[in-house]
Amino acid sequence: MGAVTLLPAARRDNGWFETLPEVPPAAPLVGAVDADVVVVGAGFTGLAAARRLGELRPDARILLLEAGRIGNGAAGRSSGFGIDHAHNVRSEGFADAAEYEKQQIALNRAGLAYLEEAVTTHGIDCDWSWAGKVHAACTPRGAADLEHFTASLDRIDEPYEVLDADAMADRLGIDHYTHGVHTPGTALMQPAALCRGLAAAMPANVVVHEETPVTWMDAGRPHELWTDGGNVRTPEVLLANNGYLAGFGYYRHHLIPVVTWGSMTRPLTDDEMAAIGGPRTWGVIPAAPSGTTVRRLADGRILVRNVYSYSRHSLADGRRRQRAGRSHRRAFEARFPMLAHVPFEYTWGGPLSMARNGEPVFGRLDDGVHAAGVHNGTGLSRGIVCGKLVAEMMCGQGSDLLDAMVARGRPNRNVPDPILGWGVDLYAQRLRLRSGREM
Ligand SMILES: Cc1cc2nc3c(=O)[nH]c(=O)nc-3n(C[C@H](O)[C@H](O)[C@H](O)COP(=O)(O)OP(=O)(O)OC[C@H]3O[C@@H](n4cnc5c(N)ncnc54)[C@H](O)[C@@H]3O)c2cc1C
């Protein structure tokens with residue numbers, strides 16, 4: 001090991017983070033310290049792992065190091081759907097292996113249960129609600145996708161409610177969608193508030209340092225991690241930094257870095273709210289593979305998310321931002337024509353890491369080095385459960401769920417750049433075209 005070759009960029013454009021009350025100044029790591037475990041990265045995975053390590057090893061000194069501000073990384077930039085089962089409703093294989101799917105659902109539900117316990121115990125104010133999610137379609141192709149989805153849900157005995165156009169209009173207050181399927185097991189929340197709340201409620205033996213990117217690692221045992229202002233010696237490192245894992249030299253040719261984008265309006269006025277059926281909250285997942293996610297938020301704002309692009313350095317600026325903003329505008333005006341005058345206050349991109357074969361990084365990488373990441377789409381619930389389970393693995397605590405994660409495959413190798421980038425962008429474009437009006 002040596003220099004960390006890929007680091008996240010700090011941007012203050014994330015609507016979830018910017019609309020929180022002022023956060024206190026960061027307390028970066030300063031000077032030389034020792035720790036029993038260092039967790040690198042405070043997204044969903046790192047926050048859950050640090051929490052679990054603190055619970056299981058109350059006498060250990062655990063450090064959680066985050067490059068930026070907690071709640072402003074990908075976790076706090078997400079759309080805040082804590083999803084229990086796969087929302088890839090097009091997947092040909094979904095429910096073909098029913099037992100496997102049930103196990104994946106059990107994993108996600110265990111993540112949500114661990115999260116809800118923390119939210120409840122510590123009274124974390126993050127608009128948590130078990131609202132479920134509505135899979136929505138406005139085209140015949142989208143409707144066919146939903147039929148495939150419900151057939152898959154039948155095969156794994158999962159409950160759902162089918163909604164026709166009238167029921168969708170009743171529930172959402174807009175008449176854009178012609179078909180819908182509601183599934184109850186998803187929790188919605190304000191993701192940046194959730195992340196900050198989790199960080200503030202860490203067990204007493206977990207020390208959190210924000211604005212502390214790890215820029216160099218001397219692998220040892222003990223390992224030595226260097227930051228701008230300090231260094232830490234530790235026998236155990238947990239890399240919970242998702243795609244930035246490649247910057248530490250692991251899975252460099254296996255991960256697919258992409259950026260996806262969200263925009264958030266200003267709060268609606270009372271009249272504007274009345275135009276879409278008064279104050280209520282909901283979350284819509286598109287039936288189409290590259291359609292638009294929409295949330296109506298507790299504070300009266302509306303969020304839309306769409307567009308994926310390949311980006312090895314999480315380039316979320318300039319042309320890409322403007323293109324995403326235009327795409328969000330079109331999606332917003334199609335769904336809320338009566339609110340066409342309402343501007344977006346924020347547009348932001350966030351980095352994701354995918355694997356071609358859909359498999360995660362999980363478990364031991366080297367002597368005293370563990371990792372968990374690459375959650376392919378349901379990173380909120382899956383990140384939480386993987387963080388918890390990898391912490392339990394490090395503490396020698398076994399379970400069926402841990403066995404299930406250990407038994408999963410690992411990301412497969414990619415073709416080199418620039419071919420990978422072209423391929424991913426072409427694929428994203430194909431999905432966009434297929435999505436048509438669902439976008
Ligand atoms: C716009 C958008 C919408 C999304 N919506 C949803 C959704 O609704 N539901 C869902 O389940 N998923 C969603 N996702 C995906 C989800 O955000 C990710 O899967 C999830 O954040 C992964 O969690 P993580 O903790 O593994 O990684 P991350 O959240 O990426 O956390 C990794 C952390 O490591 C830090 N880090 C990296 N390198 C270093 C270093 N060298 N030193 C210190 N710290 C470092 C980063 O700053 C980062 O905070 C969305 C993503 C985006 C971008």
# chains A, B, ... in the order shown; residues from 1 in each chain; ligands from 1
call {"tool": "closest_atom_pairs", "arguments": {"of": "range 63-114 of chain A", "to": "range 342-356 of chain A", "cutoff": "12 Å", "atoms": "only C-alpha atoms", "output": "JSON lines"}}
result
{"residue": "A:Gly71", "atom": "CA", "partner": "A:Gly350", "partner_atom": "CA", "distance": 11.6}
{"residue": "A:Asn72", "atom": "CA", "partner": "A:Gly350", "partner_atom": "CA", "distance": 9.2}
{"residue": "A:Gly73", "atom": "CA", "partner": "A:Gly350", "partner_atom": "CA", "distance": 7.2}
{"residue": "A:Ala74", "atom": "CA", "partner": "A:Gly350", "partner_atom": "CA", "distance": 5.1}
{"residue": "A:Ala75", "atom": "CA", "partner": "A:Gly350", "partner_atom": "CA", "distance": 8.5}
{"residue": "A:Gly76", "atom": "CA", "partner": "A:Gly350", "partner_atom": "CA", "distance": 9.0}
{"residue": "A:Arg77", "atom": "CA", "partner": "A:Gly350", "partner_atom": "CA", "distance": 6.0}
{"residue": "A:Ser78", "atom": "CA", "partner": "A:Gly350", "partner_atom": "CA", "distance": 7.5}
{"residue": "A:Ser79", "atom": "CA", "partner": "A:Gly350", "partner_atom": "CA", "distance": 10.5}
call {"tool": "write_last_selection", "arguments": {"atoms": "C-alpha atoms", "output": "PDB file, in the first residue's frame"}}
result
ATOM      1  CA  GLY A  71     -24.614  13.260   5.353  1.00  0.00           C
ATOM      2  CA  ASN A  72     -22.964  14.872   2.342  1.00  0.00           C
ATOM      3  CA  GLY A  73     -21.503  11.693   0.810  1.00  0.00           C
ATOM      4  CA  ALA A  74     -23.450   9.283  -1.385  1.00  0.00           C
ATOM      5  CA  ALA A  75     -25.519   8.033   1.571  1.00  0.00           C
ATOM      6  CA  GLY A  76     -26.827  11.517   2.365  1.00  0.00           C
ATOM      7  CA  ARG A  77     -27.306  12.226  -1.347  1.00  0.00           C
ATOM      8  CA  SER A  78     -29.516   9.183  -1.895  1.00  0.00           C
ATOM      9  CA  SER A  79     -33.277   9.357  -2.377  1.00  0.00           C
TER      10      SER A  79
END
call {"tool": "residues_near_ligand", "arguments": {"ligand": "ligand 1", "cutoff": "6 Å", "atoms": "only C-alpha atoms and all ligand atoms", "output": "compact mmCIF listing (two decimals) with C-alpha atoms, in the first residue's frame"}}
result
# COMPACT_ATOMS: atom_id res chain seq x y z
CA LEU A 7 -10.60 10.39 -3.08
CA PRO A 8 -14.11 11.86 -2.92
CA VAL A 40 -12.82 4.35 6.81
CA GLY A 41 -15.96 6.00 5.38
CA ALA A 42 -19.13 7.09 7.18
CA GLY A 43 -21.89 6.25 4.70
CA PHE A 44 -24.56 3.71 5.64
CA THR A 45 -22.01 0.86 5.76
CA GLY A 46 -19.41 2.63 7.90
CA LEU A 65 -12.87 8.56 9.66
CA GLU A 66 -14.91 10.35 7.00
CA ALA A 67 -13.39 12.33 4.14
CA GLY A 68 -16.16 14.97 4.03
CA GLY A 73 -21.50 11.69 0.81
CA ALA A 74 -23.45 9.28 -1.39
CA ALA A 75 -25.52 8.03 1.57
CA ARG A 77 -27.31 12.23 -1.35
CA SER A 78 -29.52 9.18 -1.90
CA SER A 79 -33.28 9.36 -2.38
CA GLY A 80 -33.94 7.95 1.09
CA PHE A 81 -35.70 4.69 0.16
CA GLY A 82 -34.85 1.97 2.69
CA ILE A 83 -35.84 -0.90 0.43
CA THR A 212 -10.47 13.46 7.54
CA PRO A 213 -9.69 11.74 4.24
CA VAL A 214 -7.27 8.85 4.59
CA THR A 215 -4.66 9.68 1.98
CA ALA A 240 -16.40 1.10 4.22
CA ASN A 241 -15.69 3.57 1.45
CA ASN A 242 -17.61 1.85 -1.36
CA TYR A 244 -13.20 4.47 -3.28
CA THR A 260 -26.68 9.48 -10.54
CA TRP A 261 -28.47 12.73 -9.91
CA GLY A 262 -31.19 14.27 -7.78
CA GLY A 349 -24.77 14.15 -8.23
CA GLY A 350 -23.66 11.26 -6.07
CA PRO A 351 -21.20 8.44 -6.68
CA LEU A 352 -22.28 4.81 -6.80
CA GLY A 373 -19.42 -2.25 -0.13
CA HIS A 375 -24.47 -2.77 -2.82
CA GLY A 377 -28.96 -0.22 -5.92
CA THR A 378 -30.36 -0.94 -2.45
CA GLY A 379 -27.37 0.50 -0.62
CA LEU A 380 -29.35 1.98 2.24
CA SER A 381 -30.74 -1.23 3.76
CA GLY A 383 -25.20 -1.04 3.43
call {"tool": "residues_around", "arguments": {"residues": "Arg51 in chain A", "least_positions_apart": "3", "cutoff": "8 Å", "atoms": "only C-alpha atoms", "output": "JSON, numbers by chain"}}
result
{"A": [47, 48, 54, 55, 202, 203, 206, 388]}
call {"tool": "residues_around", "arguments": {"residues": "range 113-121 of chain A", "least_positions_apart": "6", "cutoff": "8 Å", "atoms": "only C-alpha atoms", "output": "list in words"}}
result
Leu194, Gly197, Leu198, Ile384 and Val385 of chain A
call {"tool": "residues_around", "arguments": {"residues": "range 325-331 of chain A", "least_positions_apart": "4", "cutoff": "7 Å", "atoms": "only C-alpha atoms", "output": "list in words"}}
result
Ser263, Thr292, Val304, Arg305, Asn306, Arg321, Arg335, Thr347 and Met439 of chain A
call {"tool": "write_last_selection", "arguments": {"atoms": "C-alpha atoms", "output": "compact mmCIF listing (two decimals), in the first residue's frame"}}
result
# COMPACT_ATOMS: atom_id res chain seq x y z
CA SER A 263 -32.97 17.65 -7.75
CA THR A 292 -37.59 8.77 -12.65
CA VAL A 304 -36.78 13.80 -8.56
CA ARG A 305 -33.90 11.49 -9.46
CA ASN A 306 -32.82 10.12 -12.80
CA ARG A 321 -24.96 18.58 -14.04
CA ARG A 335 -45.70 14.83 -13.54
CA THR A 347 -29.29 19.69 -8.12
CA MET A 439 -38.16 9.05 -17.71
call {"tool": "atom_distance", "arguments": {"atom1": "CA of Arg301 in chain A", "atom2": "CA of Thr269 in chain A"}}
result
9.5 Å
call {"tool": "select_by_dssp", "arguments": {"residues": "range 186-328 of chain A", "states": "helix (DSSP H, G or I)", "output": "ChimeraX atom specification"}}
result
/A:191-200,242-248,270-275,318-328
call {"tool": "write_last_selection", "arguments": {"atoms": "N, CA and C atoms", "output": "mmCIF file, in the first residue's frame"}}
result
data_model
loop_
_atom_site.group_PDB
_atom_site.id
_atom_site.type_symbol
_atom_site.label_atom_id
_atom_site.label_comp_id
_atom_site.auth_asym_id
_atom_site.auth_seq_id
_atom_site.Cartn_x
_atom_site.Cartn_y
_atom_site.Cartn_z
ATOM 1 N N PRO A 191 -32.279 11.237 4.246
ATOM 2 C CA PRO A 191 -31.069 10.435 4.432
ATOM 3 C C PRO A 191 -29.910 11.179 5.098
ATOM 4 N N ALA A 192 -29.781 12.467 4.824
ATOM 5 C CA ALA A 192 -28.670 13.200 5.450
ATOM 6 C C ALA A 192 -28.926 13.352 6.955
ATOM 7 N N ALA A 193 -30.192 13.586 7.318
ATOM 8 C CA ALA A 193 -30.535 13.689 8.748
ATOM 9 C C ALA A 193 -30.307 12.347 9.423
ATOM 10 N N LEU A 194 -30.627 11.275 8.707
ATOM 11 C CA LEU A 194 -30.404 9.938 9.268
ATOM 12 C C LEU A 194 -28.908 9.723 9.538
ATOM 13 N N CYS A 195 -28.076 10.037 8.552
ATOM 14 C CA CYS A 195 -26.627 9.824 8.721
ATOM 15 C C CYS A 195 -26.092 10.656 9.884
ATOM 16 N N ARG A 196 -26.508 11.903 9.951
ATOM 17 C CA ARG A 196 -25.993 12.751 11.036
ATOM 18 C C ARG A 196 -26.484 12.259 12.387
ATOM 19 N N GLY A 197 -27.736 11.813 12.415
ATOM 20 C CA GLY A 197 -28.286 11.294 13.665
ATOM 21 C C GLY A 197 -27.543 10.040 14.110
ATOM 22 N N LEU A 198 -27.235 9.164 13.164
ATOM 23 C CA LEU A 198 -26.497 7.941 13.521
ATOM 24 C C LEU A 198 -25.109 8.291 14.056
ATOM 25 N N ALA A 199 -24.451 9.246 13.422
ATOM 26 C CA ALA A 199 -23.105 9.625 13.868
ATOM 27 C C ALA A 199 -23.149 10.231 15.269
ATOM 28 N N ALA A 200 -24.188 11.014 15.534
ATOM 29 C CA ALA A 200 -24.277 11.666 16.841
ATOM 30 C C ALA A 200 -24.621 10.670 17.948
ATOM 31 N N ASN A 242 -16.926 2.195 -0.106
ATOM 32 C CA ASN A 242 -17.612 1.852 -1.360
ATOM 33 C C ASN A 242 -16.651 1.898 -2.555
ATOM 34 N N GLY A 243 -16.982 2.638 -3.601
ATOM 35 C CA GLY A 243 -16.159 2.620 -4.807
ATOM 36 C C GLY A 243 -14.742 3.123 -4.582
ATOM 37 N N TYR A 244 -14.533 3.910 -3.541
ATOM 38 C CA TYR A 244 -13.197 4.466 -3.282
ATOM 39 C C TYR A 244 -12.240 3.412 -2.733
ATOM 40 N N LEU A 245 -12.775 2.233 -2.490
ATOM 41 C CA LEU A 245 -11.970 1.068 -2.150
ATOM 42 C C LEU A 245 -10.865 0.865 -3.198
ATOM 43 N N ALA A 246 -11.212 1.159 -4.441
ATOM 44 C CA ALA A 246 -10.232 1.000 -5.527
ATOM 45 C C ALA A 246 -9.027 1.894 -5.287
ATOM 46 N N GLY A 247 -9.219 3.028 -4.613
ATOM 47 C CA GLY A 247 -8.118 3.935 -4.310
ATOM 48 C C GLY A 247 -7.123 3.330 -3.328
ATOM 49 N N PHE A 248 -7.543 2.286 -2.605
ATOM 50 C CA PHE A 248 -6.642 1.572 -1.689
ATOM 51 C C PHE A 248 -6.038 0.345 -2.382
ATOM 52 N N ASP A 270 -48.864 26.824 0.369
ATOM 53 C CA ASP A 270 -50.117 26.137 0.726
ATOM 54 C C ASP A 270 -50.989 25.913 -0.514
ATOM 55 N N ASP A 271 -51.061 26.949 -1.380
ATOM 56 C CA ASP A 271 -51.892 26.812 -2.590
ATOM 57 C C ASP A 271 -51.330 25.737 -3.509
ATOM 58 N N GLU A 272 -50.016 25.727 -3.653
ATOM 59 C CA GLU A 272 -49.396 24.716 -4.531
ATOM 60 C C GLU A 272 -49.624 23.314 -3.966
ATOM 61 N N MET A 273 -49.534 23.211 -2.653
ATOM 62 C CA MET A 273 -49.780 21.900 -2.033
ATOM 63 C C MET A 273 -51.213 21.465 -2.259
ATOM 64 N N ALA A 274 -52.125 22.432 -2.122
ATOM 65 C CA ALA A 274 -53.542 22.093 -2.302
ATOM 66 C C ALA A 274 -53.781 21.579 -3.722
ATOM 67 N N ALA A 275 -53.016 22.117 -4.689
ATOM 68 C CA ALA A 275 -53.188 21.704 -6.084
ATOM 69 C C ALA A 275 -52.827 20.227 -6.294
ATOM 70 N N GLY A 318 -20.490 20.705 -14.210
ATOM 71 C CA GLY A 318 -20.547 21.256 -15.558
ATOM 72 C C GLY A 318 -21.633 20.660 -16.416
ATOM 73 N N ARG A 319 -21.191 20.128 -17.563
ATOM 74 C CA ARG A 319 -22.138 19.679 -18.578
ATOM 75 C C ARG A 319 -23.069 18.599 -18.052
ATOM 76 N N ARG A 320 -22.488 17.665 -17.307
ATOM 77 C CA ARG A 320 -23.295 16.547 -16.793
ATOM 78 C C ARG A 320 -24.376 17.065 -15.841
ATOM 79 N N ARG A 321 -23.989 18.014 -14.994
ATOM 80 C CA ARG A 321 -24.960 18.577 -14.045
ATOM 81 C C ARG A 321 -26.104 19.249 -14.801
ATOM 82 N N GLN A 322 -25.744 20.034 -15.824
ATOM 83 C CA GLN A 322 -26.778 20.767 -16.563
ATOM 84 C C GLN A 322 -27.699 19.804 -17.292
ATOM 85 N N ARG A 323 -27.089 18.749 -17.853
ATOM 86 C CA ARG A 323 -27.910 17.758 -18.557
ATOM 87 C C ARG A 323 -28.877 17.085 -17.584
ATOM 88 N N ALA A 324 -28.362 16.730 -16.409
ATOM 89 C CA ALA A 324 -29.224 16.092 -15.402
ATOM 90 C C ALA A 324 -30.332 17.056 -14.977
ATOM 91 N N GLY A 325 -29.961 18.323 -14.772
ATOM 92 C CA GLY A 325 -30.957 19.320 -14.360
ATOM 93 C C GLY A 325 -32.081 19.441 -15.389
ATOM 94 N N ARG A 326 -31.696 19.416 -16.687
ATOM 95 C CA ARG A 326 -32.728 19.528 -17.733
ATOM 96 C C ARG A 326 -33.628 18.290 -17.729
ATOM 97 N N SER A 327 -33.005 17.153 -17.537
ATOM 98 C CA SER A 327 -33.787 15.914 -17.511
ATOM 99 C C SER A 327 -34.746 15.910 -16.315
ATOM 100 N N HIS A 328 -34.275 16.415 -15.172
ATOM 101 C CA HIS A 328 -35.138 16.488 -13.984
ATOM 102 C C HIS A 328 -36.315 17.437 -14.237
#
call {"tool": "residues_around", "arguments": {"residues": "Leu188 in chain A", "least_positions_apart": "2", "cutoff": "8 Å", "atoms": "only C-alpha atoms", "output": "ChimeraX atom specification"}}
result
/A:80-82,127-132,186,190,283
call {"tool": "closest_residue", "arguments": {"among": "A:Met338, A:Ala372, A:Ala50, A:Val33", "to": "Val232 in chain A", "atoms": "only C-alpha atoms"}}
result
A:Val33
call {"tool": "residues_around", "arguments": {"residues": "Leu431 in chain A", "least_positions_apart": "3", "cutoff": "10 Å", "atoms": "only C-alpha atoms", "output": "ChimeraX atom specification"}}
result
/A:288-291,307-308,425-428,434-436,439
call {"tool": "atom_distance", "arguments": {"atom1": "CA of Arg312 in chain A", "atom2": "CA of Met264 in chain A"}}
result
25.3 Å
call {"tool": "atom_distance", "arguments": {"atom1": "CA of Cys138 in chain A", "atom2": "CA of Gly173 in chain A"}}
result
14.9 Å
call {"tool": "closest_residue", "arguments": {"among": "A:Gly180, A:Gly398, A:Gly15, A:Gly368", "to": "Pro235 in chain A", "atoms": "only C-alpha atoms"}}
result
A:Gly368
call {"tool": "closest_residue", "arguments": {"among": "A:Arg382, A:His176, A:Arg410, A:Arg252", "to": "Asp164 in chain A", "atoms": "only C-alpha atoms"}}
result
A:His176
call {"tool": "closest_residue", "arguments": {"among": "A:Leu339, A:Val424, A:Leu29, A:Met405", "to": "Tyr310 in chain A", "atoms": "only C-alpha atoms"}}
result
A:Val424
